[in-house]
Structures are given as structure tokens and as C-alpha cells.
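my_file-v1.tsv follows; it contains TSV, C-alpha atoms.
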chain	number	residue	atom	x	y	z
A	1	MET	CA	96.61	99.81	161.11
A	2	TYR	CA	95.76	101.28	157.72
A	3	ILE	CA	94.82	100.18	154.24
A	4	GLU	CA	96.38	102.17	151.38
A	5	ALA	CA	93.36	102.35	149.10
A	6	ARG	CA	93.20	103.44	145.46
A	7	PHE	CA	89.54	102.44	145.02
A	8	TYR	CA	89.92	101.38	141.38
A	9	GLU	CA	86.59	99.75	140.40
A	10	THR	CA	86.11	98.99	144.12
A	11	TYR	CA	82.54	100.22	144.26
A	12	GLU	CA	81.64	98.49	140.99
A	13	LEU	CA	82.95	95.25	142.48
A	14	CYS	CA	80.98	95.88	145.68
A	15	ALA	CA	77.87	96.21	143.52
A	16	VAL	CA	78.63	92.90	141.81
A	17	VAL	CA	79.06	91.13	145.16
A	18	ASP	CA	75.75	92.61	146.33
A	19	ALA	CA	73.96	91.65	143.11
A	20	VAL	CA	75.18	88.05	143.18
A	21	LEU	CA	74.22	87.57	146.84
A	22	THR	CA	70.83	89.23	146.63
A	23	ASN	CA	69.89	87.46	143.38
A	24	ARG	CA	71.45	84.06	143.94
A	25	PHE	CA	68.96	82.23	141.73
A	26	ASP	CA	70.19	84.22	138.72
A	27	HIS	CA	73.78	83.21	139.46
A	28	LEU	CA	73.43	79.55	140.43
A	29	ILE	CA	75.89	78.27	137.85
A	30	LYS	CA	78.50	80.88	138.75
A	31	LEU	CA	78.13	80.18	142.48
A	32	GLU	CA	78.73	76.48	141.93
A	33	GLY	CA	82.35	77.43	141.36
A	34	PHE	CA	82.62	78.77	144.90
A	35	HIS	CA	81.46	75.75	146.85
A	36	CYS	CA	81.62	72.76	144.49
A	37	ASP	CA	83.94	69.77	145.06
A	38	ASP	CA	83.59	70.12	148.83
A	39	GLN	CA	85.37	73.48	148.91
A	40	TRP	CA	83.00	74.36	151.75
A	41	ALA	CA	84.93	71.97	154.03
A	42	ALA	CA	87.64	74.62	154.55
A	43	TRP	CA	85.03	76.96	156.06
A	44	ALA	CA	84.88	74.79	159.17
A	45	GLN	CA	88.21	76.25	160.33
A	46	PRO	CA	87.19	78.96	162.82
A	47	TYR	CA	88.05	82.63	162.48
A	48	THR	CA	90.68	82.69	159.76
A	49	GLN	CA	91.85	86.27	159.19
A	50	TYR	CA	91.36	85.75	155.47
A	51	SER	CA	87.72	85.13	156.22
A	52	VAL	CA	85.19	83.17	154.19
A	53	PHE	CA	83.82	86.53	153.07
A	54	HIS	CA	87.30	87.49	151.82
A	55	GLN	CA	87.33	84.22	149.89
A	56	PHE	CA	83.96	84.98	148.35
A	57	ILE	CA	85.06	88.47	147.32
A	58	GLU	CA	88.18	86.99	145.71
A	59	PHE	CA	85.99	84.52	143.83
A	60	ILE	CA	83.85	87.38	142.49
A	61	VAL	CA	86.87	89.54	141.57
A	62	ARG	CA	88.45	86.68	139.61
A	63	ASN	CA	85.17	86.16	137.75
A	64	VAL	CA	84.89	89.85	136.91
A	65	HIS	CA	88.44	89.92	135.56
A	66	ASP	CA	87.68	86.90	133.37
A	67	GLU	CA	84.43	88.43	132.10
A	68	GLN	CA	86.18	91.71	131.29
A	69	ALA	CA	88.79	89.84	129.25
A	70	GLU	CA	86.16	87.81	127.42
A	71	ALA	CA	84.25	90.98	126.54
A	72	VAL	CA	87.19	92.53	124.67
A	73	ASP	CA	86.30	92.99	120.99
A	74	MET	CA	89.61	92.60	119.16
A	75	ALA	CA	88.16	93.55	115.76
A	76	GLU	CA	86.86	96.82	117.18
A	77	ARG	CA	90.15	97.60	118.89
A	78	LYS	CA	92.15	96.86	115.76
A	79	GLY	CA	89.82	99.19	113.88
A	80	VAL	CA	90.53	101.96	116.38
A	81	GLU	CA	94.27	101.45	116.03
A	82	ALA	CA	94.05	101.54	112.24
A	83	ALA	CA	91.77	104.60	112.22
A	84	PHE	CA	94.11	106.64	114.41
A	85	ALA	CA	97.41	105.26	113.11
A	86	ASP	CA	98.45	108.72	111.92
A	87	ILE	CA	97.48	110.41	115.19
A	88	PRO	CA	99.85	109.06	117.87
A	89	ALA	CA	98.45	111.37	120.55
A	90	ALA	CA	94.99	109.89	120.07
A	91	LEU	CA	96.34	106.34	120.29
A	92	ASP	CA	98.18	107.23	123.49
A	93	ASP	CA	94.86	108.35	124.94
A	94	LEU	CA	92.68	105.53	123.59
A	95	LYS	CA	95.19	102.71	124.20
A	96	PRO	CA	93.34	100.07	122.13
A	97	GLU	CA	96.06	97.49	122.86
A	98	LYS	CA	95.64	97.78	126.64
A	99	LEU	CA	93.40	95.16	128.26
A	100	PRO	CA	91.14	95.92	131.27
A	101	ILE	CA	93.39	94.00	133.68
A	102	GLU	CA	96.32	96.19	132.63
A	103	ALA	CA	94.44	99.34	133.60
A	104	ALA	CA	94.02	97.87	137.09
A	105	PHE	CA	97.75	97.08	137.34
A	106	ASP	CA	98.59	100.63	136.25
A	107	ARG	CA	96.22	102.21	138.77
A	108	TYR	CA	97.84	100.29	141.65
A	109	GLY	CA	101.39	100.82	140.42
A	110	ILE	CA	102.09	97.10	140.05
A	111	ASP	CA	104.76	96.00	137.57
A	112	TYR	CA	103.51	93.38	135.13
A	113	GLN	CA	104.07	91.94	131.66
A	114	SER	CA	101.83	93.84	129.26
A	115	PHE	CA	99.74	92.23	126.54
A	116	GLY	CA	102.01	93.87	123.96
A	117	GLU	CA	105.11	92.39	125.60
A	118	PHE	CA	103.39	89.00	125.81
A	119	LEU	CA	102.71	89.13	122.06
A	120	GLY	CA	106.23	90.31	121.35
A	121	ASP	CA	107.73	87.32	123.13
A	122	SER	CA	106.11	85.09	120.51
A	123	GLY	CA	106.96	87.36	117.60
A	124	ARG	CA	103.40	88.63	117.14
A	125	ARG	CA	101.95	92.11	116.77
A	126	PHE	CA	98.72	93.52	118.14
A	127	GLN	CA	97.22	93.57	114.63
A	128	ASP	CA	97.86	89.79	114.41
A	129	ALA	CA	96.34	89.00	117.79
A	130	ASP	CA	92.96	87.41	118.45
A	131	GLU	CA	90.80	86.29	121.38
A	132	ASP	CA	92.90	83.15	121.85
A	133	ASP	CA	95.90	85.37	122.60
A	134	ILE	CA	93.91	87.19	125.28
A	135	TYR	CA	92.95	83.81	126.77
A	136	GLU	CA	96.59	82.67	126.89
A	137	PHE	CA	97.71	86.03	128.28
A	138	MET	CA	95.15	85.85	131.09
A	139	ASN	CA	96.25	82.30	131.93
A	140	GLU	CA	99.80	83.55	132.43
A	141	ILE	CA	98.70	86.63	134.34
A	142	ARG	CA	96.70	84.55	136.83
A	143	LEU	CA	99.87	82.66	137.78
A	144	SER	CA	101.97	85.80	138.23
A	145	GLU	CA	103.09	87.52	141.42
A	146	ALA	CA	101.69	90.75	140.00
A	147	TYR	CA	98.19	89.28	139.88
A	148	GLU	CA	98.45	88.03	143.46
A	149	LYS	CA	99.34	91.57	144.53
A	150	LEU	CA	96.39	92.98	142.59
A	151	LEU	CA	93.98	90.44	144.08
A	152	ASP	CA	95.24	91.08	147.60
A	153	GLN	CA	94.76	94.84	147.31
A	154	THR	CA	91.41	94.63	145.53
A	155	VAL	CA	89.92	92.11	147.97
A	156	LYS	CA	91.02	94.19	150.95
A	157	GLU	CA	89.40	97.32	149.54
A	158	VAL	CA	86.10	95.60	148.74
A	159	PHE	CA	86.06	93.94	152.17
A	160	HIS	CA	86.81	97.30	153.79
A	161	VAL	CA	83.65	98.75	152.24
A	162	LEU	CA	81.31	95.77	152.59
A	163	PHE	CA	82.29	94.67	156.11
A	164	GLN	CA	80.35	97.69	157.35
A	165	ASN	CA	77.16	96.47	155.64
A	166	ARG	CA	75.67	94.06	158.18
A	167	SER	CA	72.56	93.47	156.06
A	168	LEU	CA	74.72	92.17	153.24
A	169	LEU	CA	76.75	90.09	155.70
A	170	LEU	CA	73.46	88.57	156.87
A	171	THR	CA	72.59	87.72	153.27
A	172	PHE	CA	76.04	86.23	152.69
A	173	ASN	CA	75.90	84.09	155.81
A	174	GLU	CA	72.41	82.88	154.97
A	175	TYR	CA	73.80	81.73	151.63
A	176	ILE	CA	76.64	79.95	153.42
A	177	SER	CA	74.23	78.32	155.89
A	178	ASP	CA	72.15	76.99	152.98
A	179	ILE	CA	75.24	75.21	151.66
A	180	LEU	CA	76.29	73.83	155.04
A	181	SER	CA	72.78	72.62	155.85
A	182	ASN	CA	72.92	70.38	152.77
A	183	ALA	CA	76.51	69.23	153.22
A	184	ARG	CA	77.21	65.52	153.66
A	185	LEU	CA	79.97	65.46	156.25
A	186	ASP	CA	80.57	61.71	156.21
A	187	ASP	CA	81.28	61.75	152.47
A	188	THR	CA	83.83	64.56	152.65
A	189	GLU	CA	87.53	63.72	152.70
A	190	ASP	CA	89.99	65.38	155.09
A	191	LEU	CA	87.19	67.04	157.09
A	192	ASP	CA	87.92	67.56	160.79
A	193	LEU	CA	84.69	66.22	162.28
A	194	SER	CA	85.74	67.37	165.75
A	195	ARG	CA	84.73	70.88	164.68
A	196	PHE	CA	81.12	69.77	164.44
A	197	ILE	CA	78.46	68.65	166.89
A	198	PRO	CA	75.72	66.14	165.98
A	199	GLY	CA	73.50	67.38	163.18
A	200	GLY	CA	76.32	68.89	161.16
A	201	ILE	CA	76.39	72.10	163.20
A	202	LEU	CA	79.69	73.82	163.83
A	203	ARG	CA	80.97	73.74	167.40
A	204	ARG	CA	80.97	77.16	169.09
A	205	VAL	CA	84.40	78.80	169.23
A	206	ARG	CA	85.14	82.00	171.15
A	207	PRO	CA	86.10	84.79	168.74
A	208	PRO	CA	89.78	85.70	168.98
A	209	VAL	CA	90.74	89.18	170.16
A	210	TRP	CA	91.43	90.48	166.64
A	211	ALA	CA	87.92	89.49	165.54
A	212	GLN	CA	86.33	91.02	168.64
A	213	ARG	CA	88.17	94.30	168.07
A	214	ALA	CA	87.19	94.41	164.39
A	215	VAL	CA	83.50	93.93	165.24
A	216	PHE	CA	83.58	96.22	168.30
A	217	PHE	CA	85.00	99.16	166.37
A	218	ARG	CA	82.87	98.53	163.29
A	219	ASP	CA	79.74	98.64	165.47
A	220	ARG	CA	81.08	101.65	167.38
A	221	GLY	CA	80.96	99.85	170.72
A	222	ARG	CA	77.15	99.87	170.72
A	223	CYS	CA	74.48	97.18	170.55
A	224	VAL	CA	73.35	97.09	166.93
A	225	LEU	CA	69.74	96.36	167.93
A	226	CYS	CA	69.00	98.73	170.82
A	227	ASP	CA	71.96	101.15	170.54
A	228	GLN	CA	73.06	100.62	174.16
A	229	ASP	CA	76.59	101.80	174.86
A	230	LEU	CA	78.90	98.82	175.46
A	231	SER	CA	82.19	100.69	175.61
A	232	GLY	CA	82.37	100.52	179.42
A	233	LEU	CA	82.92	104.28	179.56
A	234	THR	CA	79.49	105.10	180.97
A	235	ASN	CA	78.38	101.85	182.59
A	236	LEU	CA	80.66	98.97	183.52
A	237	ALA	CA	77.67	96.66	183.91
A	238	ASN	CA	76.98	96.73	180.18
A	239	VAL	CA	78.89	93.79	178.74
A	240	GLU	CA	79.41	93.24	175.03
A	241	ASN	CA	78.22	90.00	173.44
A	242	TYR	CA	79.71	88.84	170.14
A	243	ASP	CA	76.67	87.35	168.48
A	244	HIS	CA	76.51	85.10	165.40
A	245	ILE	CA	74.31	86.96	162.90
A	246	VAL	CA	73.22	83.60	161.50
A	247	PRO	CA	73.21	81.35	164.59
A	248	LEU	CA	75.36	78.25	164.68
A	249	SER	CA	72.15	76.29	165.26
A	250	ARG	CA	71.09	77.39	161.78
A	251	PHE	CA	74.39	76.31	160.22
A	252	GLY	CA	76.12	79.62	160.75
A	253	LEU	CA	79.88	80.04	160.57
A	254	ASN	CA	82.55	80.86	163.13
A	255	ASP	CA	83.69	83.70	160.88
A	256	VAL	CA	84.30	87.39	161.53
A	257	SER	CA	81.76	88.21	158.80
A	258	ASN	CA	79.10	86.44	160.88
A	259	LEU	CA	79.59	88.48	164.06
A	260	GLN	CA	77.85	91.54	165.44
A	261	LEU	CA	77.86	93.40	168.74
A	262	LEU	CA	74.85	92.94	171.02
A	263	CYS	CA	74.07	93.80	174.61
A	264	GLU	CA	73.25	90.94	176.95
A	265	SER	CA	69.53	91.67	176.91
A	266	CYS	CA	69.21	91.67	173.11
A	267	ASN	CA	71.36	88.59	172.83
A	268	GLN	CA	69.16	86.70	175.27
A	269	HIS	CA	65.73	88.01	174.23
A	270	GLU	CA	65.72	89.38	170.69
A	271	LYS	CA	67.53	86.29	169.41
A	272	ARG	CA	66.22	83.65	171.75
A	273	ASP	CA	64.26	81.97	168.95
A	274	GLY	CA	67.50	81.46	167.01
A	275	SER	CA	66.55	83.78	164.16
A	276	ALA	CA	69.07	85.53	161.93
A	277	VAL	CA	68.69	89.20	162.90
A	278	THR	CA	70.67	92.39	162.47
A	279	SER	CA	69.81	96.06	161.97
A	280	ASN	CA	70.24	98.73	159.33
A	281	ARG	CA	71.15	101.37	161.90
A	282	TYR	CA	74.58	102.93	161.40
A	283	GLN	CA	76.20	105.81	163.21
A	284	SER	CA	76.73	108.69	160.82
A	285	TRP	CA	79.90	110.78	160.83
A	286	TYR	CA	77.99	113.60	159.15
A	287	ARG	CA	75.30	115.66	160.82
A	288	TYR	CA	72.19	116.57	158.83
A	289	ASP	CA	70.29	119.50	160.39
Represent the structure contained in this file as C-alpha cells.
Amino acid sequence: MYIEARFYETYELCAVVDAVLTNRFDHLIKLEGFHCDDQWAAWAQPYTQYSVFHQFIEFIVRNVHDEQAEAVDMAERKGVEAAFADIPAALDDLKPEKLPIEAAFDRYGIDYQSFGEFLGDSGRRFQDADEDDIYEFMNEIRLSEAYEKLLDQTVKEVFHVLFQNRSLLLTFNEYISDILSNARLDDTEDLDLSRFIPGGILRRVRPPVWAQRAVFFRDRGRCVLCDQDLSGLTNLANVENYDHIVPLSRFGLNDVSNLQLLCESCNQHEKRDGSAVTSNRYQSWYRYD
């Protein structure tokens, strides 16, 4: 199983995800859009392959695309087009009529309706366009199949990078647990209460095989706390434990982003007080002498 990655703005988007999660107070209004109107109720479904972390990444990517569009200075771009009108080669390089979202489509080889074509359909030219035209263009783009393809690829690439960062996953799941701890289950429509135990805590669900394999190979078949080998190649007595990074008792999720590999001893002793614990130890592929 492979992901065909182009890594267009992927690391910038990873940085945005990290910044929002580690400085939540500075982004309270933005984050309301992720969990408001009881959107959190869908998180009770255990181990969806499009995980809650995928959903959060998608939320951030959509916000970044909107912010990039809002930041476009049409007056400045029109000035560039006018200044280089007699130098076609320069305009081909500068592309003042091309919006940020179009550069992403081009990088991933996705066919889409360009901003110029959008204007042409209404009999307008780039020199006549304004910020309202960008707003209308983005509204149409968001509903297009091309945008769904772009989102799918972008989210997968960002997840591919960040799923390896257990410290960030701990931060993300602590954020999620804060929301769930304040949720009012009885006032939420269409919520399957059978997924909860008294106190609003999610019922424990065994991770499916696909989730176990993802976590096992990410953690290299070793306990993330004590580094004990759990592959079964050297000691059959060492059994892997798929531990909730943020425990269910602390309003953790049954989500692949909330799992890590522990040995039996660490699972029973290091986490016996129900704390949210992981490590920053990662196996390096590169040897430094």
C-alpha cells in the first residue's frame, strides 16, 4: 500500500496543524467551526478509517485555502499584469491571474475550471474582476469534484507526516477529550448512547486489524515507553498492547490517532494512574556516528 505524494505545501500545512493544536487559546474562534453544533457526536463511532484526526486536518486545510483566497490583493495583481503587458514571457512566469488554489491543482495534475475561465463564462475579464469574484469562484470550487480530489490527496499527505508524531497526537486527543468532557449527551440528537458508559465515557472497543497494523508498523513493533521488542521474533512472551494515548476514562477516543504500542508491563504500570502518556523516542533510519 502506497501513497503517491507530491508534497505541495504539505509541510506548511503540518506546521499550521501543529500551531493550532499547541496554541488553542489563540484559535478558539476558528476551532469552534470544528466541533460546534454537536459535530463531535460523529466522533463516537469507533475506528473509522477516515479518522477524527483526518477530519481535523481537512478542517484546517479548508481554512487555509479560504485564508489564501482572502489574502489575494486584486489591485496589486492587476498592477503586475498592466506593468508587464508588453512582456508576455514575464506574465507567463508571474501568472498574476492565477489564484493560490489553482497552483495546488496544477501541482497535483487535477483538471479544474480556472479563475480566468470562470470569469469568461460571465463575460468578464481579469482586469474587471474584484474580491467578490474570487469569493464566488471559491464557492464553486468547493463544490467541485476537482476540489474533493485535492482535499483527499492533501489530507492523506499531511496525515502521513503527522501520524508519526505521537506528541502531537497526544495534544490533539487532549483537545478532543476537553470537548467530550463538556458534551451534554442527553441534549444531542441522533446520538447512539449505547456507545457510552455512565459518565459520558466512550465504551471500549477493540481496535480492528487495520488500525493495529498501522500502529504496530508506525511504532516499529516496539513499546514506545521502554523500547521492548514486541514483534514476536525474539520473544513470544512479549505481547503487544494497543493503548489509548488519552485513556477512555479521561474522555479519550476509540480512534487510530489515539493508539500507541505498549508492552504489558508499561501498559499496566506506567499508565495505571490513567494519565495521558507517550514518548518522543523514534527509531532513526539514519545513523549518526
Find the axis-aligned box for segment 176-184 of chain A, covering all its listed atoms and adding 8 Å on each side, and write its centre and edge lengths in Å to one decimal as lines of an AutoDock Vina configuration file.
center_x = 74.7
center_y = 72.7
center_z = 153.8
size_x = 21.1
size_y = 30.4
size_z = 20.2
Please compute the atom CA of Ala15 of chain A-atom CA of Phe105 of chain A distance, one decimal, in Å.
20.8 Å
Leaving out Thr154 of chain A and any residue of its chain fewer than 4 positions from it, which residues lie within 8 Å of it when counting only C-alpha atoms, given as a ChimeraX atom specification?
/A:10,61,150,158
Preceding selection exported with C-alpha atoms as a JSON list (two decimals), keeping the file's coordinate frame:
[["chain", "number", "residue", "atom", "x", "y", "z"],
["A", 10, "THR", "CA", 86.11, 98.99, 144.12],
["A", 61, "VAL", "CA", 86.87, 89.54, 141.57],
["A", 150, "LEU", "CA", 96.39, 92.98, 142.59],
["A", 158, "VAL", "CA", 86.10, 95.60, 148.74]]
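Straight-line separation from atom CA of Asp111 of chain A to atom CA of Lys78 of chain A: 25.2 Å.
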Please identify all polymer residues within 9 Å of segment 196-209 of chain A, counting all atoms listed in the file, omitting same-chain residues fewer than 2 positions from it, and present them as an MDAnalysis selection string.
chainID A and resid 44 46:47 180:181 183:185 192:194 211:214 242 248:256 259
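For the atom pair formed by atom CA of Pro88 of chain A and atom CA of Gln127 of chain A, the distance is 16.0 Å, given to one decimal.
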Within 12 Å of (77.3, 83.6, 153.5), in the coordinates the file gives, what residues turn up when you count only C-alpha atoms, written out as a PyMOL selection string?
chain A and resi 17-18+20-22+24+31+34-35+40+43+51-57+166-180+245-246+251-259+276
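For the choices A:Glu81, A:Gln260, A:Val239, A:Ala129, the atom-to-atom distance to Phe217 of chain A is smallest for A:Gln260 when using only C-alpha atoms.
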Within 8 Å of segment 281-284 of chain A, counting only C-alpha atoms, which residues qualify if same-chain residues fewer than 3 places away don't, as a ChimeraX atom specification?
/A:219-220,224-225,287
Using all atoms listed in the file for the distances, tell me which of A:Ala69, A:Lys30, A:Tyr112, A:Tyr288 is nearest to Glu148 of chain A.
A:Tyr112
Using only C-alpha atoms, can you tell me which of A:Cys14, A:Asp106, A:Val155, A:Asp133 comes closest to Phe59 of chain A?
A:Val155
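Minimum distance to Met138 of chain A across A:Ile101, A:Ala41, A:Val64, A:Leu119 (counting only C-alpha atoms) occurs at A:Ile101.
Minimum atom-to-atom distance to Ala5 of chain A, evaluated using all atoms listed in the file, belongs to A:Val161 out of A:Ala75, A:Val161, A:Cys266, A:Val277.
For the set A:Asn165, A:Ser231, A:Ser275, A:Asn63, the residue with the smallest atom-to-atom gap to Val16 of chain A is A:Asn63, counting only C-alpha atoms.
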